[in-house]
Amino acid sequence: MAHLRSRHRLALAVPVVLSLTASLGFLPGAASATPLTAPAVTTADGPNLSYVVNTTTDHRTIESVKRAIAAAGGSVVIAYEQIGVIVVHSANPDFGRQIRTVRGVQSAGATRTSPLKAAGTTDEGAVQVLSAAEAAKVAKTADAGQEPLEADQWDLRAIGADKAATIDPGSKKVTVAVIDVGVDDTHPDIAPNFSPSQSANCVGGKPDTTYGSWRPVDADHYHGTHVAGEIAAARNGIGVAGVAPGVKVSGITVAEPDSTQLFYPESVVCAFVFAADHGVEITNNSYYVDPWLYNCLDDPDQKAIVDAVNRAQLYAQRKGTLNVAAAGNSNDDLDSNALTDASSPDDSTATTRTVDPHKCYDIPTQLPGVVTVSSTGVKGAKSYFSSYGDGVIDVAAPGGDRYQIPDTPSANGRILSTLPNNTYGFLQGTSMATPHVAGVAALLKSTHPWATPAQLQLLLKAEADNPGCPTEPYDGNGDGVVDATCVGGKHVNGFYGSGIVNALRAVK
């Protein structure tokens, strides 16, 4: 994933937000002064696409823009007046250009490049399901006081989460929302800590709070359930344990229900606003927003996407929510001047383009105030797949690495956690590192209930352990080729940011 190079220096938090705000046209003065001249609307000649239309939060302006949307052949799905974002569907192929000329519209653009149908998660490789026989074998090695499968959870021990649980497992007053493909709250390791009242299905941009709407549509949508277990699987004598086994976890589904599992902008906007309005303290974001891996501000559609998602996540921050996001699995130096994006758009025909990650943003992880997480393996070294970058990564956490092999019953360097239908399995990726950070942040919020998102981020960094840049050239997969170069010092560097998070210090 891409990142804004200096956005995470807390001493510069306000100026960075303001500079990004100004560049995206968030300020009132950035609105177009051109009124809409009634267009000759064509609604049948183009694909039915979804759009975000961004305006001021003034009610009269929003109502005026709604009328203009209708005149341009669009239909309003939902208007988030508190952040000035309107989700629209339109089959008018010229809708985007027309609506951008309307007085009060600050940015507007399509959120996808293919027609609406009746995900870009950050795990690396396919899931490895733990069979019943394998689980029984692992359970025989469990020590007194451990969960049955905890012997395979090297990641908990790596950050002191096993010891932290004996001091303070976390508060039921703290909730981490898993914004993802859905969470199976019927899993016996998740059910004790699940919060239905803070869960929803946001696919399409409008929250559905029907009971169970947050559940994955099938077992192939396993990503969110795995993440939820990493955060808050209960210590109940069943299966595995989470980093913060005493806090609550909720599920906000944003992935398309089909096999693509894409995370479109309007769904993510809905999720951040819903989480904020329902008292969620922390959100876990182990994905990037589709269809663009990098959203370039010189493209009006991509600029509108950045604008809309940023408004939503800043709204969540203002209401006290800390947003944690994965750095990505491309082993990219996110502080470089040029990266190759060969995957965008991922909802139609991708083309190869060169982007500057300081001008073309991966969201939500690149947005101001979001905690950006890199991944480590059992040896404490950067995972071979994890992206990195000096001044970009905030903190690191165990996310697994198949080349770093632990001394555990299964000898599996990936992360073991919950899967739908009462099963368990191994995954690796910055997707797995991020919930470790979210879990530690939940422990910090439990011990410092009045801490703001910015203060929680400071605490995460202050209590982290930084191994420093490696003294030998980094060869993550052992093929004899240098794969990445770490820049920075012992306290802050491109591989680990301020260091690997520490759960035990969080409860002390």
# chains A, B, ... in the order shown; residues from 1 in each chain; ligands from 1

call {"tool": "closest_atom_pairs", "arguments": {"of": "range 285-396 of chain A", "to": "range 90-113 of chain A", "cutoff": "12 Å", "atoms": "only C-alpha atoms", "output": "Markdown table"}}
result
| residue | atom | partner | partner_atom | distance |
| --- | --- | --- | --- | --- |
| A:Val289 | CA | A:Thr111 | CA | 9.7 |
| A:Asp290 | CA | A:Arg112 | CA | 7.7 |
| A:Pro291 | CA | A:Arg112 | CA | 6.0 |
| A:Trp292 | CA | A:Arg112 | CA | 8.6 |
| A:Asn295 | CA | A:Thr111 | CA | 10.8 |
| A:Leu297 | CA | A:Ser107 | CA | 10.7 |
| A:Asp298 | CA | A:Ser107 | CA | 11.8 |
| A:Asp299 | CA | A:Gly109 | CA | 9.1 |
| A:Pro300 | CA | A:Gly109 | CA | 6.0 |
| A:Asp301 | CA | A:Gly109 | CA | 3.8 |
| A:Gln302 | CA | A:Gly109 | CA | 7.0 |
| A:Lys303 | CA | A:Ser107 | CA | 7.3 |
| A:Ala304 | CA | A:Ala108 | CA | 5.0 |
| A:Ile305 | CA | A:Thr111 | CA | 6.5 |
| A:Val306 | CA | A:Ser107 | CA | 9.8 |
| A:Asp307 | CA | A:Ser107 | CA | 7.5 |
| A:Ala308 | CA | A:Ser107 | CA | 8.7 |
| A:Val309 | CA | A:Thr111 | CA | 10.9 |
| A:Arg311 | CA | A:Ser107 | CA | 12.0 |
| A:Ser344 | CA | A:Thr113 | CA | 10.0 |
| A:Pro345 | CA | A:Thr113 | CA | 7.1 |
| A:Asp346 | CA | A:Thr113 | CA | 8.7 |
| A:Asp347 | CA | A:Thr113 | CA | 6.4 |
| A:Ser348 | CA | A:Thr113 | CA | 6.3 |
| A:Thr349 | CA | A:Thr113 | CA | 8.8 |
| A:Ala350 | CA | A:Thr113 | CA | 10.2 |

call {"tool": "select_by_dssp", "arguments": {"residues": "range 270-403 of chain A", "states": "helix (DSSP H, G or I)", "output": "ChimeraX atom specification"}}
result
/A:270-277,300-318

call {"tool": "residues_around", "arguments": {"residues": "Ser131 in chain A", "least_positions_apart": "3", "cutoff": "9 Å", "atoms": "only C-alpha atoms", "output": "ChimeraX atom specification"}}
result
/A:134-136,423-425

call {"tool": "select_by_dssp", "arguments": {"residues": "range 64-113 of chain A", "states": "strand (DSSP E or B)", "output": "ChimeraX atom specification"}}
result
/A:74-80,85-90,105-110

call {"tool": "closest_residue", "arguments": {"among": "A:His221, A:Lys248, A:Lys66, A:Arg414", "to": "Glu81 in chain A", "atoms": "only C-alpha atoms"}}
result
A:Lys66

call {"tool": "residues_around", "arguments": {"residues": "Gly389 in chain A", "least_positions_apart": "2", "cutoff": "7 Å", "atoms": "only C-alpha atoms", "output": "PyMOL selection string"}}
result
chain A and resi 333-335+391-393+494-495

call {"tool": "write_last_selection", "arguments": {"atoms": "N, CA and C atoms", "output": "mmCIF file, in the first residue's frame"}}
result
data_model
loop_
_atom_site.group_PDB
_atom_site.id
_atom_site.type_symbol
_atom_site.label_atom_id
_atom_site.label_comp_id
_atom_site.auth_asym_id
_atom_site.auth_seq_id
_atom_site.Cartn_x
_atom_site.Cartn_y
_atom_site.Cartn_z
ATOM 1 N N ASP A 333 8.905 0.164 -1.245
ATOM 2 C CA ASP A 333 9.401 1.272 -0.440
ATOM 3 C C ASP A 333 8.444 2.431 -0.653
ATOM 4 N N LEU A 334 7.616 2.689 0.318
ATOM 5 C CA LEU A 334 6.560 3.682 0.183
ATOM 6 C C LEU A 334 7.065 5.110 0.329
ATOM 7 N N ASP A 335 8.355 5.251 0.546
ATOM 8 C CA ASP A 335 8.966 6.571 0.563
ATOM 9 C C ASP A 335 9.751 6.820 -0.729
ATOM 10 N N GLY A 391 9.482 7.201 7.576
ATOM 11 C CA GLY A 391 8.510 8.273 7.727
ATOM 12 C C GLY A 391 7.108 7.880 7.322
ATOM 13 N N VAL A 392 6.917 6.615 6.975
ATOM 14 C CA VAL A 392 5.610 6.127 6.535
ATOM 15 C C VAL A 392 5.022 5.157 7.552
ATOM 16 N N ILE A 393 5.795 4.143 7.904
ATOM 17 C CA ILE A 393 5.325 3.140 8.862
ATOM 18 C C ILE A 393 5.305 3.744 10.267
ATOM 19 N N GLY A 494 12.413 2.745 8.584
ATOM 20 C CA GLY A 494 11.452 2.406 7.551
ATOM 21 C C GLY A 494 10.845 1.034 7.652
ATOM 22 N N PHE A 495 11.516 0.076 8.310
ATOM 23 C CA PHE A 495 10.972 -1.273 8.436
ATOM 24 C C PHE A 495 9.931 -1.384 9.542
#

call {"tool": "residues_around", "arguments": {"residues": "range 456-468 of chain A", "least_positions_apart": "6", "cutoff": "9 Å", "atoms": "only C-alpha atoms", "output": "ChimeraX atom specification"}}
result
/A:10,322,369-371,380-381,394-396,437,440-441,444-445,448,486,488-493,495-503,505-506

call {"tool": "atom_distance", "arguments": {"atom1": "CA of Ala133 in chain A", "atom2": "CA of Ala191 in chain A"}}
result
24.0 Å

call {"tool": "residues_around", "arguments": {"residues": "range 233-235 of chain A", "least_positions_apart": "4", "cutoff": "6 Å", "atoms": "only C-alpha atoms", "output": "number ranges by chain"}}
result
A: 189-190, 229, 241-242, 245

call {"tool": "atom_distance", "arguments": {"atom1": "CA of Thr452 in chain A", "atom2": "CA of Arg318 in chain A"}}
result
9.0 Å

call {"tool": "atom_distance", "arguments": {"atom1": "CA of Val240 in chain A", "atom2": "CA of Ile167 in chain A"}}
result
18.3 Å

call {"tool": "decode", "arguments": {"residues": "range 76-212 of chain A", "atoms": "C-alpha atoms", "output": "CSV table (one decimal), in the first residue's frame"}}
result
chain,number,residue,atom,x,y,z
A,76,VAL,CA,-29.3,9.5,-4.3
A,77,VAL,CA,-28.5,6.3,-2.4
A,78,ILE,CA,-27.7,8.1,0.9
A,79,ALA,CA,-26.5,11.5,2.0
A,80,TYR,CA,-24.0,11.7,4.9
A,81,GLU,CA,-24.7,15.3,5.7
A,82,GLN,CA,-22.4,15.4,8.7
A,83,ILE,CA,-19.4,15.0,6.3
A,84,GLY,CA,-20.9,16.4,3.1
A,85,VAL,CA,-20.7,13.1,1.1
A,86,ILE,CA,-23.5,12.0,-1.1
A,87,VAL,CA,-23.6,8.5,-2.6
A,88,VAL,CA,-25.2,8.4,-6.1
A,89,HIS,CA,-26.1,6.0,-8.8
A,90,SER,CA,-26.3,7.1,-12.4
A,91,ALA,CA,-26.3,5.6,-15.9
A,92,ASN,CA,-25.6,9.0,-17.5
A,93,PRO,CA,-22.1,8.6,-19.0
A,94,ASP,CA,-21.5,12.3,-18.5
A,95,PHE,CA,-22.7,12.5,-15.0
A,96,GLY,CA,-19.3,13.1,-13.3
A,97,ARG,CA,-18.4,16.0,-15.6
A,98,GLN,CA,-21.8,17.6,-15.3
A,99,ILE,CA,-22.1,17.4,-11.5
A,100,ARG,CA,-18.6,18.8,-11.0
A,101,THR,CA,-19.9,22.1,-12.6
A,102,VAL,CA,-22.6,22.5,-9.9
A,103,ARG,CA,-22.3,25.3,-7.4
A,104,GLY,CA,-21.4,23.8,-4.0
A,105,VAL,CA,-19.9,20.6,-5.4
A,106,GLN,CA,-16.2,20.4,-4.2
A,107,SER,CA,-15.3,17.1,-5.9
A,108,ALA,CA,-17.2,14.3,-7.5
A,109,GLY,CA,-16.3,11.1,-9.3
A,110,ALA,CA,-17.1,7.5,-10.1
A,111,THR,CA,-16.1,4.9,-7.4
A,112,ARG,CA,-15.8,2.1,-9.9
A,113,THR,CA,-15.0,1.5,-13.5
A,114,SER,CA,-17.4,-1.4,-14.2
A,115,PRO,CA,-21.2,-1.4,-13.9
A,116,LEU,CA,-23.0,-2.1,-10.6
A,117,LYS,CA,-23.6,-5.7,-9.9
A,118,ALA,CA,-26.8,-7.3,-8.5
A,119,ALA,CA,-11.8,-6.6,-2.3
A,120,GLY,CA,-8.6,-5.8,-1.9
A,121,THR,CA,-7.7,-7.5,1.4
A,122,THR,CA,-4.1,-7.5,2.5
A,123,ASP,CA,-3.5,-11.1,3.3
A,124,GLU,CA,-0.7,-13.0,1.4
A,125,GLY,CA,-1.6,-16.4,-0.1
A,126,ALA,CA,-4.4,-18.8,0.5
A,127,VAL,CA,-5.6,-19.8,4.0
A,128,GLN,CA,-4.3,-23.0,5.5
A,129,VAL,CA,-7.1,-24.7,7.4
A,130,LEU,CA,-6.1,-26.5,10.6
A,131,SER,CA,-7.7,-30.0,10.4
A,132,ALA,CA,-9.4,-31.5,13.4
A,133,ALA,CA,-6.6,-34.1,13.7
A,134,GLU,CA,-4.0,-31.3,13.6
A,135,ALA,CA,-5.9,-29.3,16.1
A,136,ALA,CA,-6.0,-32.3,18.5
A,137,LYS,CA,-2.3,-32.7,18.1
A,138,VAL,CA,-1.6,-29.1,19.0
A,139,ALA,CA,-4.1,-29.2,21.9
A,140,LYS,CA,-2.0,-32.0,23.6
A,141,THR,CA,0.9,-29.6,23.9
A,142,ALA,CA,-1.0,-26.8,25.6
A,143,ASP,CA,0.4,-25.7,28.9
A,144,ALA,CA,-1.8,-25.1,32.0
A,145,GLY,CA,-3.8,-21.9,31.6
A,146,GLN,CA,-3.3,-21.8,27.8
A,147,GLU,CA,-6.1,-22.1,25.2
A,148,PRO,CA,-6.1,-25.4,23.4
A,149,LEU,CA,-4.4,-24.1,20.2
A,150,GLU,CA,-2.3,-21.4,21.9
A,151,ALA,CA,0.9,-23.3,21.5
A,152,ASP,CA,0.8,-22.4,17.8
A,153,GLN,CA,0.2,-18.7,18.6
A,154,TRP,CA,3.9,-17.6,18.6
A,155,ASP,CA,2.6,-14.1,17.8
A,156,LEU,CA,0.9,-13.6,21.2
A,157,ARG,CA,4.2,-14.4,23.0
A,158,ALA,CA,6.1,-12.2,20.6
A,159,ILE,CA,4.3,-9.1,21.9
A,160,GLY,CA,3.7,-10.2,25.5
A,161,ALA,CA,-0.1,-10.6,24.9
A,162,ASP,CA,-0.2,-13.9,26.8
A,163,LYS,CA,1.3,-12.3,29.9
A,164,ALA,CA,-0.8,-9.2,29.4
A,165,ALA,CA,-4.0,-11.2,29.6
A,166,THR,CA,-3.2,-12.3,33.1
A,167,ILE,CA,-3.0,-8.7,34.2
A,168,ASP,CA,-5.8,-7.1,32.2
A,169,PRO,CA,-7.5,-8.7,29.2
A,170,GLY,CA,-9.1,-5.4,28.2
A,171,SER,CA,-12.4,-3.6,29.0
A,172,LYS,CA,-15.9,-4.5,27.7
A,173,LYS,CA,-16.3,-0.8,27.3
A,174,VAL,CA,-13.9,-0.8,24.4
A,175,THR,CA,-15.0,-2.0,20.9
A,176,VAL,CA,-12.8,-2.7,17.9
A,177,ALA,CA,-14.8,-2.7,14.6
A,178,VAL,CA,-13.5,-5.0,11.9
A,179,ILE,CA,-14.3,-3.3,8.6
A,180,ASP,CA,-14.0,-6.2,6.3
A,181,VAL,CA,-15.7,-9.0,4.4
A,182,GLY,CA,-17.9,-9.9,7.3
A,183,VAL,CA,-17.5,-11.5,10.7
A,184,ASP,CA,-18.9,-14.9,11.8
A,185,ASP,CA,-20.2,-13.9,15.2
A,186,THR,CA,-21.5,-17.5,15.8
A,187,HIS,CA,-17.9,-18.8,16.2
A,188,PRO,CA,-17.5,-19.9,19.8
A,189,ASP,CA,-14.3,-17.9,20.2
A,190,ILE,CA,-15.9,-14.7,18.9
A,191,ALA,CA,-19.5,-14.9,20.2
A,192,PRO,CA,-18.6,-14.0,23.9
A,193,ASN,CA,-17.2,-10.7,22.9
A,194,PHE,CA,-19.3,-9.8,19.8
A,195,SER,CA,-21.3,-6.5,19.8
A,196,PRO,CA,-24.3,-6.8,17.4
A,197,SER,CA,-25.4,-3.2,18.2
A,198,GLN,CA,-22.2,-1.9,16.7
A,199,SER,CA,-22.3,-4.1,13.6
A,200,ALA,CA,-23.8,-3.6,10.2
A,201,ASN,CA,-23.6,-4.3,6.5
A,202,CYS,CA,-22.4,-1.2,4.6
A,203,VAL,CA,-22.1,-2.7,1.1
A,204,GLY,CA,-23.4,-0.1,-1.4
A,205,GLY,CA,-22.9,2.8,1.0
A,206,LYS,CA,-26.0,2.5,3.2
A,207,PRO,CA,-25.9,0.7,6.5
A,208,ASP,CA,-28.1,-2.4,7.0
A,209,THR,CA,-28.5,-3.3,10.7
A,210,THR,CA,-30.7,-6.3,10.2
A,211,TYR,CA,-29.6,-8.9,12.7
A,212,GLY,CA,-26.8,-11.1,11.1
